[in-house]
>>> print(open('start_30.tsv').read())   # TSV, C-alpha atoms
chain	number	residue	atom	x	y	z
A	1	MET	CA	6.36	-119.11	72.59
A	2	ARG	CA	4.23	-118.23	69.56
A	3	PRO	CA	6.26	-116.80	66.69
A	4	PRO	CA	4.03	-115.13	64.10
A	5	ARG	CA	2.77	-116.74	60.89
A	6	LEU	CA	3.94	-120.28	61.55
A	7	LEU	CA	2.68	-123.11	59.41
A	8	LYS	CA	-0.07	-125.44	60.60
A	9	LYS	CA	1.19	-128.90	61.46
A	10	LEU	CA	-0.13	-131.42	58.93
A	11	TRP	CA	1.34	-134.60	60.34
A	12	PRO	CA	1.06	-136.35	63.73
A	13	ALA	CA	3.64	-135.80	66.44
A	14	PRO	CA	6.40	-138.41	66.56
A	15	PRO	CA	6.12	-141.11	69.22
A	16	GLU	CA	7.64	-140.10	72.55
A	17	CYS	CA	10.98	-141.76	73.23
A	18	HIS	CA	12.65	-140.36	76.32
A	19	MET	CA	15.09	-141.35	79.02
A	20	PRO	CA	16.69	-138.89	81.46
A	21	GLY	CA	20.30	-138.37	80.44
A	22	PHE	CA	19.81	-139.30	76.79
A	23	ASP	CA	20.50	-136.42	74.41
A	24	GLU	CA	19.10	-137.31	71.00
A	25	ALA	CA	20.76	-134.39	69.18
A	26	TYR	CA	24.16	-135.25	70.65
A	27	TYR	CA	23.72	-138.94	69.86
A	28	LEU	CA	22.84	-138.31	66.22
A	29	GLU	CA	25.64	-135.80	65.75
A	30	HIS	CA	28.29	-138.21	67.04
A	31	ASN	CA	26.74	-141.31	65.47
A	32	PRO	CA	25.35	-140.18	62.09
A	33	SER	CA	24.81	-143.74	60.86
A	34	VAL	CA	22.01	-144.06	63.42
A	35	ARG	CA	19.81	-142.07	61.03
A	36	ASN	CA	19.57	-145.27	58.97
A	37	PHE	CA	18.29	-147.24	61.96
A	38	THR	CA	14.61	-148.15	61.69
A	39	GLY	CA	13.83	-147.28	65.32
A	40	SER	CA	14.44	-144.16	67.41
A	41	PRO	CA	17.95	-143.01	68.43
A	42	LEU	CA	17.15	-144.00	72.02
A	43	GLN	CA	16.15	-147.48	70.92
A	44	HIS	CA	19.42	-147.74	69.00
A	45	TYR	CA	21.43	-146.78	72.08
A	46	LEU	CA	19.57	-149.22	74.34
A	47	GLN	CA	19.88	-152.10	71.87
A	48	HIS	CA	23.21	-151.55	70.14
A	49	GLY	CA	24.93	-148.22	70.81
A	50	TRP	CA	26.20	-148.82	74.30
A	51	ARG	CA	27.82	-152.10	73.21
A	52	ASP	CA	29.73	-150.15	70.56
A	53	GLY	CA	30.97	-147.61	73.10
A	54	CYS	CA	28.53	-144.85	72.12
A	55	ASP	CA	27.74	-142.25	74.77
A	56	PRO	CA	24.13	-141.09	75.35
A	57	SER	CA	25.18	-137.48	76.03
A	58	ALA	CA	28.18	-135.20	76.38
A	59	GLY	CA	28.17	-135.76	80.13
A	60	PHE	CA	27.80	-139.56	80.43
A	61	SER	CA	30.50	-142.07	79.51
A	62	SER	CA	29.17	-145.53	78.70
A	63	SER	CA	32.62	-147.14	78.64
A	64	GLY	CA	33.70	-145.28	81.77
A	65	TYR	CA	30.71	-146.50	83.75
A	66	LEU	CA	31.18	-150.09	82.58
A	67	ALA	CA	34.90	-150.01	83.40
A	68	ALA	CA	34.22	-148.68	86.90
A	69	ASN	CA	31.43	-151.20	87.53
A	70	PRO	CA	32.49	-154.68	86.32
A	71	ASP	CA	29.32	-156.28	87.69
A	72	VAL	CA	27.29	-154.20	85.24
A	73	THR	CA	29.53	-155.40	82.41
A	74	ALA	CA	29.36	-159.02	83.56
A	75	ASN	CA	25.56	-158.93	83.59
A	76	ASP	CA	25.43	-157.32	80.13
A	77	LEU	CA	23.44	-154.32	81.39
A	78	ASN	CA	23.00	-151.00	79.63
A	79	PRO	CA	25.13	-148.47	81.57
A	80	LEU	CA	22.74	-145.50	81.50
A	81	ALA	CA	19.70	-147.63	82.33
A	82	HIS	CA	21.57	-149.22	85.24
A	83	PHE	CA	22.83	-145.86	86.46
A	84	LEU	CA	19.34	-144.37	86.53
A	85	LYS	CA	17.75	-147.39	88.19
A	86	HIS	CA	20.49	-148.36	90.64
A	87	GLY	CA	23.83	-146.62	90.18
A	88	LEU	CA	22.80	-143.10	91.12
A	89	ALA	CA	21.19	-144.19	94.39
A	90	GLU	CA	24.20	-146.42	95.13
A	91	GLY	CA	26.65	-143.60	94.44
A	92	ARG	CA	28.47	-145.41	91.64
A	93	GLY	CA	31.10	-143.55	89.67
A	94	GLY	CA	32.82	-143.71	86.32
A	95	TRP	CA	30.02	-142.10	84.36
A	96	GLN	CA	31.41	-138.56	84.27
A	97	LYS	CA	34.92	-137.27	83.65
A	98	GLY	CA	36.48	-135.36	86.51
A	99	SER	CA	37.48	-135.91	90.11
A	100	SER	CA	35.37	-138.14	92.32
A	101	PRO	CA	33.21	-136.28	94.86
A	102	ASP	CA	33.19	-136.93	98.57
A	103	ARG	CA	31.27	-140.19	99.09
A	104	SER	CA	30.15	-139.04	102.54
A	105	LEU	CA	27.72	-136.63	100.86
A	106	SER	CA	24.12	-137.54	100.14
A	107	ILE	CA	23.29	-138.60	96.58
A	108	ASP	CA	21.86	-135.21	95.57
A	109	GLN	CA	24.66	-133.35	97.35
A	110	ARG	CA	27.18	-135.56	95.59
A	111	ALA	CA	25.65	-134.80	92.21
A	112	SER	CA	25.82	-131.07	92.92
A	113	ALA	CA	29.37	-131.31	94.22
A	114	GLU	CA	30.52	-133.19	91.14
A	115	TRP	CA	28.91	-130.68	88.79
A	116	PHE	CA	30.31	-127.69	90.66
A	117	SER	CA	33.83	-129.11	90.83
A	118	ASP	CA	36.76	-127.26	89.25
A	119	ASP	CA	36.59	-129.63	86.29
A	120	ASN	CA	33.17	-128.22	85.41
A	121	SER	CA	33.96	-124.51	85.41
A	122	GLY	CA	31.44	-123.92	82.62
A	123	MET	CA	28.60	-124.30	85.14
A	124	PRO	CA	29.61	-122.32	88.24
A	125	LEU	CA	26.19	-121.41	89.61
A	126	ILE	CA	22.41	-121.40	89.40
A	127	PHE	CA	20.80	-118.01	89.81
A	128	MET	CA	17.81	-115.75	89.34
A	129	TYR	CA	17.25	-112.01	89.07
A	130	TRP	CA	14.86	-110.36	91.51
A	131	GLU	CA	13.38	-106.88	91.69
A	132	ASN	CA	10.38	-106.44	93.98
A	133	SER	CA	10.06	-103.64	96.54
A	134	GLU	CA	7.31	-105.45	98.47
A	135	ILE	CA	8.80	-108.96	98.63
A	136	VAL	CA	12.43	-108.93	99.73
A	137	GLU	CA	13.32	-112.50	98.74
A	138	PRO	CA	11.83	-114.55	95.89
A	139	PRO	CA	9.65	-117.36	97.31
A	140	SER	CA	11.62	-120.02	95.44
A	141	ALA	CA	15.05	-118.96	96.73
A	142	SER	CA	15.07	-121.04	99.92
A	143	SER	CA	14.10	-124.15	98.00
A	144	TRP	CA	16.94	-123.68	95.52
A	145	LYS	CA	19.46	-122.98	98.28
A	146	SER	CA	18.50	-126.19	100.07
A	147	PHE	CA	19.53	-128.09	96.94
A	148	TYR	CA	22.43	-125.94	95.74
A	149	PRO	CA	24.49	-123.92	98.24
A	150	ASN	CA	25.98	-121.99	95.28
A	151	PHE	CA	22.57	-120.62	94.30
A	152	ARG	CA	22.44	-116.81	94.13
A	153	VAL	CA	19.82	-114.11	93.81
A	154	PHE	CA	21.11	-111.15	91.79
A	155	ARG	CA	19.60	-107.67	91.99
A	156	GLU	CA	19.85	-104.38	90.18
A	157	GLU	CA	23.01	-103.35	92.03
A	158	ASP	CA	24.72	-106.55	90.84
A	159	VAL	CA	23.87	-105.90	87.20
A	160	VAL	CA	24.78	-102.21	86.89
A	161	PRO	CA	28.58	-102.77	87.17
A	162	ILE	CA	28.56	-105.18	84.22
A	163	LEU	CA	26.51	-102.94	81.91
A	164	PRO	CA	28.14	-100.70	79.29
A	165	GLU	CA	28.54	-97.30	80.94
A	166	THR	CA	26.48	-95.59	78.25
A	167	PHE	CA	23.57	-97.96	78.87
A	168	VAL	CA	23.32	-97.67	82.67
A	169	ASP	CA	20.94	-94.69	82.80
A	170	VAL	CA	18.65	-96.26	80.21
A	171	PHE	CA	18.53	-99.53	82.16
A	172	LEU	CA	17.81	-97.78	85.47
A	173	SER	CA	14.95	-95.79	83.95
A	174	ILE	CA	12.99	-98.92	82.92
A	175	LYS	CA	9.73	-99.33	84.87
A	176	LEU	CA	8.70	-102.89	84.03
A	177	PRO	CA	10.67	-105.48	86.04
A	178	ALA	CA	10.17	-108.08	83.30
A	179	ALA	CA	12.09	-105.97	80.78
A	180	LYS	CA	14.97	-105.44	83.20
A	181	SER	CA	14.96	-109.14	84.01
A	182	ASP	CA	15.11	-110.04	80.31
A	183	MET	CA	18.29	-108.03	79.95
A	184	ALA	CA	19.80	-108.82	83.34
A	185	ARG	CA	19.71	-112.59	82.81
A	186	ILE	CA	21.69	-112.34	79.56
A	187	PHE	CA	24.29	-109.95	80.99
A	188	LEU	CA	24.65	-112.16	84.09
A	189	LEU	CA	24.96	-115.34	82.03
A	190	ARG	CA	27.71	-113.77	79.95
A	191	GLU	CA	29.50	-112.53	83.06
A	192	HIS	CA	29.24	-115.65	85.23
A	193	GLY	CA	27.97	-118.55	83.15
A	194	GLY	CA	25.53	-121.03	84.65
A	195	LEU	CA	21.81	-121.64	84.74
A	196	TYR	CA	19.31	-118.79	84.94
A	197	VAL	CA	15.83	-119.58	86.29
A	198	ASP	CA	12.82	-117.30	86.65
A	199	ALA	CA	11.50	-116.67	90.16
A	200	HIS	CA	8.54	-119.01	89.62
A	201	VAL	CA	10.80	-121.98	88.79
A	202	GLY	CA	11.59	-124.49	91.53
A	203	PRO	CA	13.97	-127.46	91.78
A	204	THR	CA	12.93	-131.11	91.69
A	205	ARG	CA	15.99	-133.37	91.99
A	206	SER	CA	19.68	-132.50	91.74
A	207	SER	CA	20.41	-135.75	89.94
A	208	TYR	CA	17.90	-134.94	87.19
A	209	LEU	CA	19.22	-131.41	86.76
A	210	LEU	CA	22.77	-132.71	86.62
A	211	MET	CA	21.89	-135.01	83.75
A	212	THR	CA	20.15	-132.17	81.93
A	213	LEU	CA	23.00	-129.71	82.34
A	214	ALA	CA	25.66	-132.24	81.38
A	215	ARG	CA	24.77	-131.25	77.82
A	216	LEU	CA	26.55	-127.91	78.38
A	217	ALA	CA	29.81	-129.83	78.09
A	218	GLY	CA	29.40	-129.69	74.33
A	219	CYS	CA	27.85	-126.26	73.72
A	220	ASN	CA	27.90	-122.57	74.68
A	221	LEU	CA	24.18	-121.87	75.01
A	222	MET	CA	21.32	-124.18	75.98
A	223	LEU	CA	17.70	-123.18	75.46
A	224	PHE	CA	14.66	-125.10	76.68
A	225	SER	CA	11.36	-126.11	75.10
A	226	ARG	CA	8.27	-127.99	76.35
A	227	ASP	CA	7.46	-131.06	74.31
A	228	TRP	CA	3.86	-131.31	75.57
A	229	LEU	CA	3.03	-127.94	74.00
A	230	MET	CA	4.06	-129.11	70.54
A	231	ASP	CA	1.59	-131.86	69.63
A	232	GLU	CA	-0.32	-132.46	66.38
A	233	ARG	CA	-2.70	-129.60	67.20
A	234	SER	CA	0.05	-126.99	67.50
A	235	ASN	CA	1.02	-124.56	64.79
A	236	TYR	CA	4.07	-123.12	66.56
A	237	PHE	CA	7.14	-124.25	68.44
A	238	ASP	CA	7.65	-123.59	72.13
A	239	LEU	CA	10.65	-121.80	73.61
A	240	ILE	CA	11.13	-120.92	77.28
A	241	ASN	CA	12.63	-117.58	78.26
A	242	GLY	CA	12.51	-118.37	81.97
A	243	VAL	CA	15.22	-121.05	81.96
A	244	ILE	CA	18.48	-120.53	80.04
A	245	ALA	CA	21.92	-122.09	80.51
A	246	ALA	CA	25.20	-120.85	79.06
A	247	ARG	CA	28.94	-120.91	79.44
A	248	GLN	CA	30.74	-117.89	80.81
A	249	GLY	CA	31.60	-115.42	78.07
A	250	ALA	CA	29.61	-117.23	75.39
A	251	PRO	CA	29.82	-115.07	72.23
A	252	GLU	CA	26.23	-116.01	71.35
A	253	LEU	CA	25.08	-114.01	74.38
A	254	SER	CA	26.83	-110.90	73.07
A	255	MET	CA	24.76	-111.16	69.89
A	256	ILE	CA	21.56	-111.05	71.94
A	257	ILE	CA	22.84	-108.24	74.17
A	258	ASP	CA	23.66	-106.05	71.17
A	259	LYS	CA	20.18	-106.54	69.71
A	260	MET	CA	18.50	-105.92	73.08
A	261	MET	CA	20.33	-102.67	73.66
A	262	THR	CA	19.57	-101.47	70.14
A	263	ASN	CA	15.86	-102.20	70.58
A	264	VAL	CA	15.65	-100.61	74.02
A	265	ILE	CA	17.56	-97.46	73.08
A	266	GLU	CA	15.38	-96.98	69.99
A	267	HIS	CA	12.24	-97.22	72.11
A	268	TRP	CA	13.74	-94.93	74.76
A	269	HIS	CA	14.16	-92.21	72.12
A	270	LYS	CA	10.53	-92.66	71.03
A	271	GLU	CA	9.22	-92.25	74.57
A	272	MET	CA	11.45	-89.26	75.28
A	273	GLU	CA	9.83	-87.43	72.36
A	274	THR	CA	6.32	-87.56	73.84
A	275	SER	CA	4.43	-87.77	77.11
A	276	ASP	CA	1.94	-90.21	75.58
A	277	TYR	CA	2.01	-93.99	75.74
A	278	VAL	CA	4.12	-95.53	72.94
A	279	GLN	CA	3.19	-99.06	71.93
A	280	TYR	CA	5.76	-101.86	72.39
A	281	ASP	CA	5.95	-105.62	72.84
A	282	LEU	CA	8.50	-107.08	75.26
A	283	PHE	CA	8.28	-110.42	73.48
A	284	SER	CA	10.18	-108.97	70.52
A	285	LEU	CA	11.84	-106.01	72.27
A	286	THR	CA	13.80	-107.86	74.96
A	287	GLY	CA	12.20	-111.30	75.24
A	288	THR	CA	11.93	-114.76	73.74
A	289	TRP	CA	11.66	-113.72	70.11
A	290	LEU	CA	15.25	-112.40	70.12
A	291	LEU	CA	16.54	-115.89	70.94
A	292	ALA	CA	14.23	-117.59	68.46
A	293	GLU	CA	14.90	-115.20	65.58
A	294	ARG	CA	18.66	-115.30	66.04
A	295	PHE	CA	19.33	-119.00	66.67
A	296	LEU	CA	16.36	-121.03	65.41
A	297	GLU	CA	14.84	-121.82	62.05
A	298	VAL	CA	11.60	-119.84	61.67
A	299	PRO	CA	8.91	-120.52	60.80
A	300	ALA	CA	8.99	-124.06	62.17
A	301	LEU	CA	6.90	-126.51	64.14
A	302	ARG	CA	9.79	-127.72	66.32
A	303	PRO	CA	12.71	-125.65	67.70
A	304	ASN	CA	15.52	-126.47	65.25
A	305	VAL	CA	18.83	-124.64	65.67
A	306	ARG	CA	20.08	-122.87	62.55
A	307	LEU	CA	22.95	-124.70	60.91
A	308	GLU	CA	25.54	-121.98	61.53
A	309	PHE	CA	24.98	-122.16	65.30
A	310	ARG	CA	25.23	-125.94	65.65
A	311	PRO	CA	26.53	-127.44	67.91
A	312	LYS	CA	27.30	-124.34	70.00
A	313	VAL	CA	23.59	-123.67	70.57
A	314	VAL	CA	21.24	-126.51	71.54
A	315	VAL	CA	17.58	-126.78	72.52
A	316	ASN	CA	16.79	-129.16	75.36
A	317	ILE	CA	13.24	-130.41	74.82
A	318	ILE	CA	11.63	-131.12	78.19
A	319	LYS	CA	9.44	-134.22	78.14
A	320	ASP	CA	7.51	-133.55	81.36
A	321	GLY	CA	7.27	-131.08	84.21
A	322	ALA	CA	9.87	-132.49	86.60
A	323	SER	CA	12.37	-134.92	85.07
A	324	SER	CA	14.71	-132.16	83.86
A	325	GLY	CA	15.51	-131.14	87.43
A	326	PHE	CA	13.26	-128.09	87.62
A	327	GLU	CA	9.55	-127.35	87.57
A	328	LEU	CA	8.02	-124.31	85.90
A	329	TYR	CA	5.46	-122.21	87.83
A	330	LYS	CA	6.15	-124.10	91.05
A	331	PHE	CA	6.32	-120.75	92.90
A	332	HIS	CA	3.89	-118.42	91.19
A	333	SER	CA	2.05	-116.79	94.09
A	334	TYR	CA	4.20	-113.63	94.15
A	335	ARG	CA	2.58	-112.18	91.02
A	336	GLY	CA	-0.78	-110.47	91.59
A	337	PRO	CA	-3.65	-110.31	89.08
A	338	GLY	CA	-3.13	-107.86	86.23
A	339	ASN	CA	0.58	-107.56	86.98
A	340	HIS	CA	1.96	-109.72	84.18
A	341	TRP	CA	4.17	-107.91	81.67
A	342	SER	CA	1.85	-108.85	78.81
A	343	GLU	CA	-0.94	-106.90	80.53
A	344	ARG	CA	1.06	-103.94	81.82
A	345	GLN	CA	2.72	-103.25	78.48
A	346	LEU	CA	-0.68	-102.51	76.94
A	347	TYR	CA	-1.06	-99.25	78.84
A	348	GLU	CA	2.13	-98.53	80.80
A	349	ARG	CA	5.15	-96.70	79.41
A	350	LEU	CA	8.35	-98.72	79.48
A	351	PHE	CA	10.45	-95.87	80.88
A	352	ARG	CA	9.94	-93.43	83.71
A	353	ARG	CA	9.09	-89.94	82.54
A	354	GLY	CA	12.12	-87.76	82.12
A	355	GLY	CA	14.34	-90.81	81.53
>>> encode(input="start_30.tsv", output="structure tokens")
Amino acid sequence: MRPPRLLKKLWPAPPECHMPGFDEAYYLEHNPSVRNFTGSPLQHYLQHGWRDGCDPSAGFSSSGYLAANPDVTANDLNPLAHFLKHGLAEGRGGWQKGSSPDRSLSIDQRASAEWFSDDNSGMPLIFMYWENSEIVEPPSASSWKSFYPNFRVFREEDVVPILPETFVDVFLSIKLPAAKSDMARIFLLREHGGLYVDAHVGPTRSSYLLMTLARLAGCNLMLFSRDWLMDERSNYFDLINGVIAARQGAPELSMIIDKMMTNVIEHWHKEMETSDYVQYDLFSLTGTWLLAERFLEVPALRPNVRLEFRPKVVVNIIKDGASSGFELYKFHSYRGPGNHWSERQLYERLFRRGG
């Protein structure tokens, strides 16, 4: 994402310190004294924090894992490091609150089953929105379903019943699928909760995604950003519109919905007054900028959540293309040349003529 007029970065990027399942923002919030530590928060956890009973994220219990696995305690091993290297593959428990899943399941199935249990009602499904008259099913759908039986593909007919009645005709008159998708994902997240992924996004490993989404235990809305696009040469922060996670009924989503509908209705009136093309930009009309402007500090070089929305809104900074449990642009063949929204919006009206 490239918000306008952002300052040029004048200092080098901080050294990369990353471990799947370690949430730096969560760790600092719950252990503020770590800010005085000379190393990184991750280094503090690996060296000292776990011994003091500190948890690396909202979804992983250091003390619970050690209590359930006395051999790890006896060998003085860091619980998260052991879990990632051995415990996950061995099906060890104690790391997450909630009922134990069926141990007859495979490791990835077990991870999914534990996340989708009744004790984790804030994350009921993973889904995407699809609208393509030529391709019936999104190419990535079968891959997601093989990992997560609860995965769903929502379509226009699923969204219309949850729209305000006065907005239905406006929504149905939109020509660009990207604009409808922008709005549909937010309405669907508010209605159902869960993880929205664009059609080009594919899964990597359930266990990785589980660790990423465990952060939802402590927030209402989780946004995503790519760390590798924010180095010392960057003069903007990155924010992904194609992957968003939220709890059902999150009030933060209603804020975005209200702004979206206001923007779209205003532009609808402009187009209804003329038969000519009326300039618009989906980025700020229905897209990423609405999330950035509302919840993040701008201008900025990193995606920092505004104080009034912490800790209910978080930004999960992805360190690489696969370790978060999903891969961007893994299924990108469905979009033909010249068919991206950024190209079509330059000449194509947003609404069908006559509304």
>>> residues_around(input="start_30.tsv", residues="region 28-33 of chain A", least_positions_apart="6", cutoff="9 Å", atoms="all atoms listed in the file", output="list of chain:residue names")
A:Pro41, A:Gly49, A:Cys54, A:Asp55, A:Pro311
>>> closest_residue(input="start_30.tsv", among="A:Gly325, A:Pro177, A:Pro79, A:Gly94", to="Asn132 (chain A)", atoms="all atoms listed in the file")
A:Pro177
>>> residues_around(input="start_30.tsv", residues="Ser63 (chain A)", least_positions_apart="5", cutoff="12 Å", atoms="all atoms listed in the file", output="number ranges by chain")
A: 49-56, 68-70, 72-73, 77-80, 93-97
>>> residues_around(input="start_30.tsv", residues="Leu282 (chain A)", least_positions_apart="6", cutoff="8 Å", atoms="all atoms listed in the file", output="ChimeraX atom specification")
/A:179,341-342,345
>>> residues_around(input="start_30.tsv", residues="region 153-159 of chain A", least_positions_apart="2", cutoff="12 Å", atoms="only C-alpha atoms", output="MDAnalysis selection string")
chainID A and resid 125:133 136:142 144:145 149:151 161:165 167:168 171:174 177 180:192 195:199
>>> atom_distance(input="start_30.tsv", atom1="CA of Leu88 (chain A)", atom2="CA of Leu209 (chain A)")
13.0 Å
>>> closest_residue(input="start_30.tsv", among="A:Val170, A:Ile240, A:Met230, A:Ala67", to="Leu328 (chain A)", atoms="only C-alpha atoms")
A:Ile240
>>> axis_aligned_box(input="start_30.tsv", around="region 187-196 of chain A", padding_each_side="5 Å", output="JSON")
{"center_x": 24.4, "center_y": -115.8, "center_z": 82.6, "size_x": 20.2, "size_y": 21.7, "size_z": 15.3}
>>> closest_residue(input="start_30.tsv", among="A:Glu343, A:Asp71, A:Glu327, A:Glu348", to="Gly242 (chain A)", atoms="all atoms listed in the file")
A:Glu327
>>> closest_residue(input="start_30.tsv", among="A:Met222, A:Ile265, A:Ala214, A:Met255", to="Arg294 (chain A)", atoms="all atoms listed in the file")
A:Met255
>>> closest_residue(input="start_30.tsv", among="A:Ser57, A:Gln47, A:Ser254, A:Asn36", to="Gly21 (chain A)", atoms="only C-alpha atoms")
A:Ser57
>>> atom_distance(input="start_30.tsv", atom1="CA of Pro303 (chain A)", atom2="CA of Ser324 (chain A)")
17.5 Å
>>> residues_around(input="start_30.tsv", residues="Arg306 (chain A)", least_positions_apart="2", cutoff="8 Å", atoms="only C-alpha atoms", output="MDAnalysis selection string")
chainID A and resid 295:297 304 308:310
>>> closest_residue(input="start_30.tsv", among="A:Asp238, A:Ser225, A:Lys312, A:Val278", to="Glu252 (chain A)", atoms="only C-alpha atoms")
A:Lys312
>>> atom_distance(input="start_30.tsv", atom1="CA of Gly218 (chain A)", atom2="CA of Ser62 (chain A)")
16.4 Å
>>> build_atoms(input="start_30.tsv", residues="region 261-275 of chain A", atoms="N, CA and C atoms", output="PDB file, in the frame of the given file")
ATOM      1  N   MET A 261      20.009-104.068  73.398  1.00  0.00           N
ATOM      2  CA  MET A 261      20.330-102.670  73.660  1.00  0.00           C
ATOM      3  C   MET A 261      19.876-101.775  72.513  1.00  0.00           C
ATOM      4  N   THR A 262      20.037-102.249  71.292  1.00  0.00           N
ATOM      5  CA  THR A 262      19.570-101.470  70.140  1.00  0.00           C
ATOM      6  C   THR A 262      18.071-101.239  70.208  1.00  0.00           C
ATOM      7  N   ASN A 263      17.322-102.306  70.486  1.00  0.00           N
ATOM      8  CA  ASN A 263      15.860-102.200  70.580  1.00  0.00           C
ATOM      9  C   ASN A 263      15.433-101.244  71.686  1.00  0.00           C
ATOM     10  N   VAL A 264      16.050-101.399  72.851  1.00  0.00           N
ATOM     11  CA  VAL A 264      15.650-100.610  74.020  1.00  0.00           C
ATOM     12  C   VAL A 264      15.996 -99.134  73.823  1.00  0.00           C
ATOM     13  N   ILE A 265      17.165 -98.854  73.300  1.00  0.00           N
ATOM     14  CA  ILE A 265      17.560 -97.460  73.080  1.00  0.00           C
ATOM     15  C   ILE A 265      16.656 -96.799  72.041  1.00  0.00           C
ATOM     16  N   GLU A 266      16.305 -97.519  70.999  1.00  0.00           N
ATOM     17  CA  GLU A 266      15.380 -96.980  69.990  1.00  0.00           C
ATOM     18  C   GLU A 266      14.036 -96.625  70.614  1.00  0.00           C
ATOM     19  N   HIS A 267      13.536 -97.508  71.486  1.00  0.00           N
ATOM     20  CA  HIS A 267      12.240 -97.220  72.110  1.00  0.00           C
ATOM     21  C   HIS A 267      12.378 -96.096  73.142  1.00  0.00           C
ATOM     22  N   TRP A 268      13.500 -96.017  73.796  1.00  0.00           N
ATOM     23  CA  TRP A 268      13.740 -94.930  74.760  1.00  0.00           C
ATOM     24  C   TRP A 268      13.630 -93.576  74.045  1.00  0.00           C
ATOM     25  N   HIS A 269      14.233 -93.461  72.879  1.00  0.00           N
ATOM     26  CA  HIS A 269      14.160 -92.210  72.120  1.00  0.00           C
ATOM     27  C   HIS A 269      12.707 -91.883  71.744  1.00  0.00           C
ATOM     28  N   LYS A 270      11.929 -92.888  71.382  1.00  0.00           N
ATOM     29  CA  LYS A 270      10.530 -92.660  71.030  1.00  0.00           C
ATOM     30  C   LYS A 270       9.735 -92.130  72.213  1.00  0.00           C
ATOM     31  N   GLU A 271       9.963 -92.698  73.393  1.00  0.00           N
ATOM     32  CA  GLU A 271       9.220 -92.250  74.570  1.00  0.00           C
ATOM     33  C   GLU A 271       9.680 -90.883  75.046  1.00  0.00           C
ATOM     34  N   MET A 272      10.950 -90.563  74.847  1.00  0.00           N
ATOM     35  CA  MET A 272      11.450 -89.260  75.280  1.00  0.00           C
ATOM     36  C   MET A 272      10.898 -88.121  74.422  1.00  0.00           C
ATOM     37  N   GLU A 273      10.364 -88.457  73.259  1.00  0.00           N
ATOM     38  CA  GLU A 273       9.830 -87.430  72.360  1.00  0.00           C
ATOM     39  C   GLU A 273       8.374 -87.079  72.645  1.00  0.00           C
ATOM     40  N   THR A 274       7.734 -87.799  73.554  1.00  0.00           N
ATOM     41  CA  THR A 274       6.320 -87.560  73.840  1.00  0.00           C
ATOM     42  C   THR A 274       5.994 -87.956  75.272  1.00  0.00           C
ATOM     43  N   SER A 275       4.912 -87.384  75.779  1.00  0.00           N
ATOM     44  CA  SER A 275       4.430 -87.770  77.110  1.00  0.00           C
ATOM     45  C   SER A 275       3.351 -88.843  77.011  1.00  0.00           C
TER      46      SER A 275
END
